[in-house]
>>> print(open('structure.txt').read())   # compact mmCIF, C-alpha atoms
# COMPACT_ATOMS: atom_id res chain seq x y z
CA MET A 1 -20.25 -15.60 -31.69
CA ASP A 2 -17.65 -13.96 -29.49
CA PHE A 3 -19.05 -12.26 -26.39
CA THR A 4 -16.11 -9.91 -26.09
CA LYS A 5 -16.71 -8.59 -29.62
CA LEU A 6 -20.11 -7.22 -28.67
CA PRO A 7 -19.73 -3.48 -28.00
CA LEU A 8 -21.67 -3.68 -24.76
CA PHE A 9 -19.60 -6.47 -23.26
CA GLN A 10 -16.43 -4.87 -24.53
CA ARG A 11 -17.36 -1.65 -22.79
CA LEU A 12 -18.11 -3.54 -19.57
CA SER A 13 -14.80 -5.35 -19.58
CA ASP A 14 -13.01 -2.05 -20.33
CA ARG A 15 -14.64 -0.62 -17.26
CA MET A 16 -13.60 -3.63 -15.19
CA GLY A 17 -10.05 -3.16 -16.43
CA TRP A 18 -10.13 0.48 -15.43
CA LEU A 19 -11.48 -0.33 -11.97
CA SER A 20 -8.83 -2.95 -11.30
CA ALA A 21 -6.12 -0.54 -12.47
CA ARG A 22 -7.51 1.99 -9.99
CA GLN A 23 -7.54 -0.59 -7.22
CA ASN A 24 -3.88 -1.17 -8.05
CA VAL A 25 -2.99 2.50 -7.72
CA LEU A 26 -4.95 2.78 -4.48
CA SER A 27 -3.21 -0.19 -2.87
CA GLN A 28 0.09 1.39 -3.83
CA ASN A 29 -0.99 4.55 -2.01
CA VAL A 30 -2.01 2.62 1.09
CA ALA A 31 1.19 0.57 1.11
CA ASN A 32 3.18 3.82 0.94
CA ALA A 33 1.14 5.52 3.66
CA ASP A 34 4.31 6.10 5.71
CA THR A 35 6.93 6.61 2.99
CA PRO A 36 8.57 10.04 3.25
CA ASN A 37 7.85 12.47 0.38
CA TYR A 38 5.27 10.19 -1.22
CA THR A 39 2.36 11.82 -3.04
CA PRO A 40 -0.75 9.69 -3.60
CA HIS A 41 -1.84 8.95 -7.16
CA ASP A 42 -5.25 8.39 -8.66
CA LEU A 43 -6.64 7.55 -12.07
CA LYS A 44 -8.34 10.18 -14.13
CA ALA A 45 -12.08 9.64 -14.22
CA GLU A 46 -13.11 8.11 -17.52
CA SER A 47 -15.18 10.34 -19.72
CA PHE A 48 -16.96 9.48 -22.94
CA ASP A 49 -14.78 11.87 -24.97
CA ASP A 50 -11.60 10.34 -23.61
CA HIS A 51 -12.86 6.94 -24.53
CA ILE A 52 -13.46 7.98 -28.10
CA LYS A 53 -10.16 9.82 -28.49
CA LYS A 54 -8.04 7.38 -26.55
CA LEU A 55 -5.18 5.64 -28.31
CA ASP A 56 -4.46 2.18 -27.03
CA PRO A 57 -1.12 2.01 -25.21
CA VAL A 58 1.39 0.09 -27.29
CA ALA A 59 2.85 -2.96 -25.61
CA PRO A 60 6.14 -4.44 -26.85
CA GLU A 61 5.68 -7.67 -28.78
CA LEU A 62 7.11 -10.75 -27.05
CA THR A 63 8.66 -12.97 -29.70
CA SER A 64 10.58 -15.24 -27.37
CA PRO A 65 9.78 -16.60 -23.92
CA MET A 66 13.09 -15.11 -22.76
CA HIS A 67 11.81 -11.58 -23.34
CA LEU A 68 10.77 -9.52 -20.38
CA GLN A 69 7.39 -7.91 -20.40
CA GLY A 70 7.31 -4.16 -20.73
CA THR A 71 7.19 -2.55 -17.33
CA ILE A 72 5.16 0.61 -17.06
CA PRO A 73 4.84 1.62 -13.40
CA VAL A 74 1.18 2.02 -12.46
CA GLU A 75 1.40 5.72 -11.82
CA LYS A 76 2.95 6.31 -15.25
CA GLN A 77 0.21 4.45 -17.05
CA PRO A 78 -1.97 6.52 -19.32
CA GLY A 79 -4.60 8.24 -17.24
CA SER A 80 -2.76 8.07 -13.92
CA GLU A 81 -1.75 11.33 -12.31
CA LYS A 82 -0.60 12.73 -9.00
CA SER A 83 -3.54 13.87 -6.91
CA LYS A 84 -3.71 17.63 -7.04
CA THR A 85 -6.03 18.26 -4.14
CA GLN A 86 -4.53 16.92 -0.96
CA TYR A 87 -6.13 16.94 2.46
CA GLU A 88 -2.94 17.29 4.44
CA SER A 89 0.67 16.24 4.46
CA SER A 90 2.77 14.97 7.34
CA PRO A 91 6.11 16.52 8.40
CA SER A 92 7.93 13.81 6.43
CA GLY A 93 6.28 15.07 3.22
CA ASN A 94 3.87 12.17 2.89
CA SER A 95 0.38 13.20 1.91
CA VAL A 96 -1.50 9.90 1.93
CA VAL A 97 -4.66 10.09 4.04
CA LEU A 98 -5.75 6.56 4.86
CA GLU A 99 -9.41 7.51 5.32
CA GLU A 100 -9.53 9.10 1.87
CA GLN A 101 -7.88 6.08 0.29
CA MET A 102 -10.20 3.65 2.07
CA MET A 103 -13.18 5.60 0.80
CA LYS A 104 -11.86 5.33 -2.75
CA VAL A 105 -11.23 1.61 -2.32
CA ALA A 106 -14.83 1.11 -1.18
CA GLN A 107 -16.06 3.18 -4.13
CA THR A 108 -14.03 1.12 -6.60
CA GLN A 109 -15.28 -2.09 -5.07
CA MET A 110 -18.90 -0.95 -5.32
CA ASN A 111 -18.52 0.12 -8.94
CA TYR A 112 -16.90 -3.19 -9.73
CA GLN A 113 -19.81 -5.01 -8.17
CA LEU A 114 -22.20 -2.93 -10.27
CA ILE A 115 -20.36 -3.83 -13.47
CA THR A 116 -20.20 -7.55 -12.72
CA ASN A 117 -23.91 -7.55 -11.90
CA LEU A 118 -24.65 -5.78 -15.17
CA TYR A 119 -22.49 -8.29 -16.97
CA SER A 120 -24.34 -11.30 -15.59
CA LYS A 121 -27.71 -9.64 -16.26
CA HIS A 122 -26.76 -9.22 -19.90
CA VAL A 123 -25.57 -12.80 -20.08
CA GLU A 124 -28.99 -13.78 -18.71
CA ILE A 125 -30.72 -11.77 -21.43
CA MET A 126 -28.59 -13.55 -24.05
CA LYS A 127 -29.60 -16.87 -22.58
CA LYS A 128 -33.26 -15.91 -22.69
CA ALA A 129 -32.86 -15.00 -26.34
CA ILE A 130 -31.42 -18.37 -27.28
CA GLY A 131 -33.99 -20.08 -25.09
CA THR A 132 -32.02 -22.04 -22.53
CA MET B 1 -3.48 -9.81 -13.64
CA ASP B 2 -4.12 -6.40 -12.18
CA LEU B 3 -5.94 -7.40 -9.04
CA ASN B 4 -3.28 -9.90 -8.07
CA ASP B 5 -0.73 -7.12 -8.40
CA SER B 6 -2.70 -4.95 -6.05
CA MET B 7 -2.79 -7.77 -3.49
CA PHE B 8 0.96 -8.10 -3.88
CA ILE B 9 1.50 -4.38 -3.26
CA ALA B 10 -0.66 -4.50 -0.14
CA ALA B 11 1.21 -7.56 1.11
CA ALA B 12 4.49 -5.66 0.69
CA GLY B 13 2.99 -2.84 2.74
CA MET B 14 1.99 -5.29 5.46
CA LYS B 15 5.48 -6.73 5.53
CA ALA B 16 7.00 -3.27 5.94
CA GLN B 17 4.59 -2.41 8.76
CA GLY B 18 5.35 -5.75 10.41
CA GLU B 19 9.03 -4.92 10.39
CA ARG B 20 8.24 -1.53 11.89
CA LEU B 21 6.31 -3.25 14.70
CA ARG B 22 9.32 -5.47 15.32
CA VAL B 23 11.57 -2.43 15.76
CA ILE B 24 9.01 -0.80 18.05
CA SER B 25 8.80 -3.86 20.26
CA GLU B 26 12.58 -3.99 20.39
CA ASN B 27 12.62 -0.39 21.60
CA LEU B 28 9.90 -1.01 24.18
CA ALA B 29 11.56 -4.18 25.47
CA ASN B 30 14.84 -2.30 25.93
CA ALA B 31 13.32 0.81 27.52
CA ASP B 32 15.27 0.08 30.73
CA SER B 33 18.44 -1.52 29.33
CA VAL B 34 21.32 0.43 30.85
CA GLY B 35 25.02 -0.12 30.16
CA GLU B 36 26.88 -3.02 31.78
CA HIS B 37 29.46 -0.93 33.63
CA GLU B 38 30.27 2.66 34.43
CA GLY B 39 30.63 4.81 31.31
CA ALA B 40 29.01 2.28 28.96
CA ASP B 41 26.21 3.55 26.71
CA PRO B 42 22.69 2.33 27.41
CA TYR B 43 20.39 1.03 24.65
CA ARG B 44 19.94 3.51 21.81
CA ARG B 45 16.48 3.82 20.31
CA LYS B 46 16.15 2.43 16.76
CA THR B 47 14.21 4.16 14.02
CA VAL B 48 12.78 2.76 10.81
CA SER B 49 12.05 4.50 7.50
CA PHE B 50 10.39 3.35 4.30
CA LYS B 51 11.04 3.87 0.61
CA ASN B 52 9.16 2.80 -2.48
CA THR B 53 10.92 0.59 -4.99
CA LEU B 54 10.00 -0.59 -8.45
CA ASN B 55 9.30 -4.29 -8.58
CA LYS B 56 10.63 -5.07 -12.05
CA GLU B 57 8.82 -8.38 -12.34
CA LEU B 58 5.35 -6.93 -11.88
CA GLY B 59 6.08 -3.37 -13.00
CA VAL B 60 4.55 -1.90 -9.86
CA GLU B 61 6.03 0.23 -7.13
CA THR B 62 5.98 -1.47 -3.77
CA VAL B 63 7.13 -0.31 -0.37
CA GLN B 64 10.04 -1.69 1.57
CA VAL B 65 12.02 -0.84 4.68
CA ASP B 66 14.72 1.65 3.72
CA LYS B 67 17.06 1.36 6.65
CA ILE B 68 16.95 0.86 10.38
CA GLY B 69 18.82 3.75 11.90
CA VAL B 70 19.45 4.91 15.45
CA ASP B 71 18.03 7.89 17.28
CA ARG B 72 20.92 10.29 17.99
CA SER B 73 19.10 12.21 20.73
CA ASP B 74 20.55 12.51 24.26
CA PHE B 75 20.17 9.81 26.87
CA GLY B 76 18.11 10.42 29.94
CA ARG B 77 19.71 10.50 33.40
CA LYS B 78 18.45 8.96 36.58
CA TYR B 79 19.79 9.06 40.13
CA ASP B 80 20.48 5.48 41.21
CA PRO B 81 23.76 5.10 43.13
CA GLY B 82 23.29 1.36 43.70
CA ASN B 83 23.28 0.59 39.98
CA PRO B 84 26.51 -0.96 38.64
CA ALA B 85 26.32 1.44 35.67
CA ALA B 86 26.16 4.53 37.92
CA ASP B 87 28.91 7.13 37.54
CA LYS B 88 30.81 8.91 40.38
CA THR B 89 27.91 11.22 41.14
CA GLY B 90 25.43 8.33 41.33
CA TYR B 91 23.63 9.03 38.04
CA VAL B 92 22.84 6.35 35.45
CA SER B 93 22.32 7.05 31.71
CA MET B 94 18.92 5.73 30.66
CA PRO B 95 17.98 4.74 27.07
CA ASN B 96 16.44 7.51 24.94
CA VAL B 97 13.25 5.50 24.53
CA ASN B 98 9.99 7.27 25.26
CA SER B 99 7.28 4.65 25.78
CA LEU B 100 4.57 7.13 24.84
CA VAL B 101 6.20 7.84 21.47
CA GLU B 102 6.65 4.12 20.85
CA LEU B 103 3.01 3.40 21.69
CA THR B 104 1.80 6.13 19.34
CA ASP B 105 4.03 4.74 16.63
CA MET B 106 2.68 1.28 17.29
CA ARG B 107 -0.90 2.46 16.93
CA GLU B 108 0.00 4.10 13.60
CA ALA B 109 1.67 0.93 12.34
CA GLU B 110 -1.39 -1.05 13.39
CA ARG B 111 -3.69 1.28 11.50
CA SER B 112 -1.61 1.12 8.32
CA TYR B 113 -1.52 -2.65 8.59
CA GLU B 114 -5.29 -2.77 8.85
CA ALA B 115 -5.68 -0.47 5.85
CA ASN B 116 -3.46 -2.76 3.78
CA LEU B 117 -5.50 -5.73 4.91
CA LYS B 118 -8.65 -3.92 3.84
CA THR B 119 -7.31 -3.29 0.32
CA ILE B 120 -6.44 -6.99 0.01
CA ASP B 121 -9.97 -7.78 1.08
CA ALA B 122 -11.40 -5.38 -1.51
CA ALA B 123 -9.24 -6.81 -4.30
CA ARG B 124 -10.22 -10.32 -3.27
CA THR B 125 -13.93 -9.47 -3.33
CA MET B 126 -13.52 -7.94 -6.79
CA LEU B 127 -11.82 -11.11 -8.05
CA GLN B 128 -14.56 -13.21 -6.47
CA ARG B 129 -17.20 -11.14 -8.28
CA THR B 130 -15.45 -11.80 -11.59
CA ILE B 131 -15.42 -15.52 -10.89
CA ASP B 132 -19.11 -15.34 -9.95
CA ILE B 133 -19.93 -14.25 -13.51
CA LEU B 134 -19.01 -17.75 -14.60
CA LYS B 135 -21.56 -19.26 -12.24
CA SER B 136 -24.56 -17.46 -13.66
>>> encode(input="structure.txt", output="structure tokens")
Amino acid sequence: MDFTKLPLFQRLSDRMGWLSARQNVLSQNVANADTPNYTPHDLKAESFDDHIKKLDPVAPELTSPMHLQGTIPVEKQPGSEKSKTQYESSPSGNSVVLEEQMMKVAQTQMNYQLITNLYSKHVEIMKKAIGT
Amino acid sequence: MDLNDSMFIAAAGMKAQGERLRVISENLANADSVGEHEGADPYRRKTVSFKNTLNKELGVETVQVDKIGVDRSDFGRKYDPGNPAADKTGYVSMPNVNSLVELTDMREAERSYEANLKTIDAARTMLQRTIDILKS
């Protein structure tokens, strides 16, 4: 039996993938906290409808080790968008607010922890079922 | 791996802020560097600006130092007839470095550096959590 084929585990690892993609976007925002004319990005919150309707992004097939992997910049990935509501912007046109970004980082980290805990709980249940 | 990418981005941010700190300390150290002889320019304040660039290997946009320019504002003047750089009227051109501005800039660089460090920490904890699943 393949764990990842179970809908529940699949959903959990999807969520983990989403959270790490968000962490990626957030670190890009923090790194560019002083870049002129930079607007912070964030991922769109996942909703159930989106999940149902979503088409998987198509990645180019690598048929030779010489091929380069497709490069989709994080903020152009499906679901990533420029933040519309901004707290403030500096005279250089940068609108990254470190406090806001840090809050989002902490949120992402907490959600991630929740998911990994859920994951191990479910693994435990599986183990109980097979009696080890 | 996504989380490794995010650590890489934050590390690039830290590098850029580190370079900014280097320029700031250069400015502060030369806050009193006047010209060697009469008519020579004193130290000119350096400025640093950032830009974001696409890292083609990872497919992420990182930050890097755009260019280190110079501040074109006027030099200060100070009355000091004994100075070898003094002109006929006894005035010396002083560098256009304002220590207060430099210190504020330094504090900002420090704060950005810390924020980058914090995101690395968060990404690391998330990776650790994933590894912990294996232990259970």
>>> closest_residue(input="structure.txt", among="A:Asp2, A:Asp14, A:Glu88, A:Glu124", to="chain B", atoms="only C-alpha atoms")
A:Glu124
>>> interface_residues(input="structure.txt", of="chain B", to="chain A", cutoff="8 Å", atoms="all atoms listed in the file", output="JSON, numbers by chain")
{"B": [2, 3, 5, 6, 7, 9, 10, 12, 13, 14, 49, 50, 51, 52, 54, 56, 57, 58, 59, 60, 61, 62, 63, 112, 115, 116, 118, 119, 122, 123, 125, 126, 129, 130, 133, 136]}
>>> atom_distance(input="structure.txt", atom1="atom CA of Glu81 of chain A", atom2="atom CA of Ala45 of chain A")
10.6 Å
>>> atom_distance(input="structure.txt", atom1="atom CA of Ala16 of chain B", atom2="atom CA of Asp71 of chain B")
19.4 Å
>>> atom_distance(input="structure.txt", atom1="atom CA of Pro40 of chain A", atom2="atom CA of Gly93 of chain A")
11.2 Å
>>> axis_aligned_box(input="structure.txt", around="segment 2-10 of chain B", padding_each_side="8 Å", output="AutoDock Vina command-line options")
--center_x -2.2 --center_y -7.1 --center_z -6.2 --size_x 23.4 --size_y 21.5 --size_z 28.0
>>> residues_around(input="structure.txt", residues="Ala86 of chain B", least_positions_apart="4", cutoff="12 Å", atoms="all atoms listed in the file", output="ChimeraX atom specification")
/B:34-42,77-82,90-94
>>> build_atoms(input="structure.txt", residues="segment 105-129 of chain B", atoms="N, CA and C atoms", output="PDB file, in the coordinates of the input")
ATOM      1  N   ASP B 105       3.492   5.308  17.858  1.00  0.00           N
ATOM      2  CA  ASP B 105       4.030   4.740  16.630  1.00  0.00           C
ATOM      3  C   ASP B 105       3.416   3.382  16.351  1.00  0.00           C
ATOM      4  N   MET B 106       3.241   2.618  17.430  1.00  0.00           N
ATOM      5  CA  MET B 106       2.680   1.280  17.290  1.00  0.00           C
ATOM      6  C   MET B 106       1.248   1.351  16.786  1.00  0.00           C
ATOM      7  N   ARG B 107       0.492   2.304  17.348  1.00  0.00           N
ATOM      8  CA  ARG B 107      -0.900   2.460  16.930  1.00  0.00           C
ATOM      9  C   ARG B 107      -0.956   2.814  15.440  1.00  0.00           C
ATOM     10  N   GLU B 108      -0.031   3.674  15.009  1.00  0.00           N
ATOM     11  CA  GLU B 108       0.000   4.100  13.600  1.00  0.00           C
ATOM     12  C   GLU B 108       0.319   2.902  12.700  1.00  0.00           C
ATOM     13  N   ALA B 109       1.301   2.102  13.125  1.00  0.00           N
ATOM     14  CA  ALA B 109       1.670   0.930  12.340  1.00  0.00           C
ATOM     15  C   ALA B 109       0.488  -0.029  12.232  1.00  0.00           C
ATOM     16  N   GLU B 110      -0.228  -0.163  13.338  1.00  0.00           N
ATOM     17  CA  GLU B 110      -1.390  -1.050  13.390  1.00  0.00           C
ATOM     18  C   GLU B 110      -2.449  -0.596  12.392  1.00  0.00           C
ATOM     19  N   ARG B 111      -2.667   0.706  12.380  1.00  0.00           N
ATOM     20  CA  ARG B 111      -3.690   1.280  11.500  1.00  0.00           C
ATOM     21  C   ARG B 111      -3.323   1.095  10.033  1.00  0.00           C
ATOM     22  N   SER B 112      -2.055   1.319   9.704  1.00  0.00           N
ATOM     23  CA  SER B 112      -1.610   1.120   8.320  1.00  0.00           C
ATOM     24  C   SER B 112      -1.739  -0.339   7.925  1.00  0.00           C
ATOM     25  N   TYR B 113      -1.420  -1.212   8.864  1.00  0.00           N
ATOM     26  CA  TYR B 113      -1.520  -2.650   8.590  1.00  0.00           C
ATOM     27  C   TYR B 113      -2.960  -3.020   8.267  1.00  0.00           C
ATOM     28  N   GLU B 114      -3.870  -2.486   9.085  1.00  0.00           N
ATOM     29  CA  GLU B 114      -5.290  -2.770   8.850  1.00  0.00           C
ATOM     30  C   GLU B 114      -5.743  -2.255   7.495  1.00  0.00           C
ATOM     31  N   ALA B 115      -5.285  -1.055   7.136  1.00  0.00           N
ATOM     32  CA  ALA B 115      -5.680  -0.470   5.850  1.00  0.00           C
ATOM     33  C   ALA B 115      -5.209  -1.339   4.699  1.00  0.00           C
ATOM     34  N   ASN B 116      -3.980  -1.868   4.809  1.00  0.00           N
ATOM     35  CA  ASN B 116      -3.460  -2.760   3.780  1.00  0.00           C
ATOM     36  C   ASN B 116      -4.297  -4.025   3.677  1.00  0.00           C
ATOM     37  N   LEU B 117      -4.675  -4.527   4.851  1.00  0.00           N
ATOM     38  CA  LEU B 117      -5.500  -5.730   4.910  1.00  0.00           C
ATOM     39  C   LEU B 117      -6.834  -5.486   4.207  1.00  0.00           C
ATOM     40  N   LYS B 118      -7.350  -4.278   4.424  1.00  0.00           N
ATOM     41  CA  LYS B 118      -8.650  -3.920   3.840  1.00  0.00           C
ATOM     42  C   LYS B 118      -8.547  -3.862   2.311  1.00  0.00           C
ATOM     43  N   THR B 119      -7.445  -3.344   1.788  1.00  0.00           N
ATOM     44  CA  THR B 119      -7.310  -3.290   0.320  1.00  0.00           C
ATOM     45  C   THR B 119      -7.195  -4.702  -0.253  1.00  0.00           C
ATOM     46  N   ILE B 120      -6.520  -5.592   0.474  1.00  0.00           N
ATOM     47  CA  ILE B 120      -6.440  -6.990   0.010  1.00  0.00           C
ATOM     48  C   ILE B 120      -7.844  -7.570  -0.052  1.00  0.00           C
ATOM     49  N   ASP B 121      -8.606  -7.277   1.003  1.00  0.00           N
ATOM     50  CA  ASP B 121      -9.970  -7.780   1.080  1.00  0.00           C
ATOM     51  C   ASP B 121     -10.798  -7.273  -0.098  1.00  0.00           C
ATOM     52  N   ALA B 122     -10.647  -5.976  -0.405  1.00  0.00           N
ATOM     53  CA  ALA B 122     -11.400  -5.380  -1.510  1.00  0.00           C
ATOM     54  C   ALA B 122     -11.021  -6.029  -2.836  1.00  0.00           C
ATOM     55  N   ALA B 123      -9.704  -6.209  -3.050  1.00  0.00           N
ATOM     56  CA  ALA B 123      -9.240  -6.810  -4.300  1.00  0.00           C
ATOM     57  C   ALA B 123      -9.757  -8.248  -4.409  1.00  0.00           C
ATOM     58  N   ARG B 124      -9.762  -8.931  -3.277  1.00  0.00           N
ATOM     59  CA  ARG B 124     -10.220 -10.320  -3.270  1.00  0.00           C
ATOM     60  C   ARG B 124     -11.702 -10.399  -3.625  1.00  0.00           C
ATOM     61  N   THR B 125     -12.494  -9.484  -3.027  1.00  0.00           N
ATOM     62  CA  THR B 125     -13.930  -9.470  -3.330  1.00  0.00           C
ATOM     63  C   THR B 125     -14.159  -9.210  -4.807  1.00  0.00           C
ATOM     64  N   MET B 126     -13.373  -8.257  -5.369  1.00  0.00           N
ATOM     65  CA  MET B 126     -13.520  -7.940  -6.790  1.00  0.00           C
ATOM     66  C   MET B 126     -13.217  -9.164  -7.648  1.00  0.00           C
ATOM     67  N   LEU B 127     -12.151  -9.888  -7.294  1.00  0.00           N
ATOM     68  CA  LEU B 127     -11.820 -11.110  -8.050  1.00  0.00           C
ATOM     69  C   LEU B 127     -12.947 -12.123  -7.937  1.00  0.00           C
ATOM     70  N   GLN B 128     -13.482 -12.245  -6.715  1.00  0.00           N
ATOM     71  CA  GLN B 128     -14.560 -13.210  -6.470  1.00  0.00           C
ATOM     72  C   GLN B 128     -15.767 -12.888  -7.342  1.00  0.00           C
ATOM     73  N   ARG B 129     -16.065 -11.567  -7.453  1.00  0.00           N
ATOM     74  CA  ARG B 129     -17.200 -11.140  -8.280  1.00  0.00           C
ATOM     75  C   ARG B 129     -16.992 -11.572  -9.736  1.00  0.00           C
TER      76      ARG B 129
END
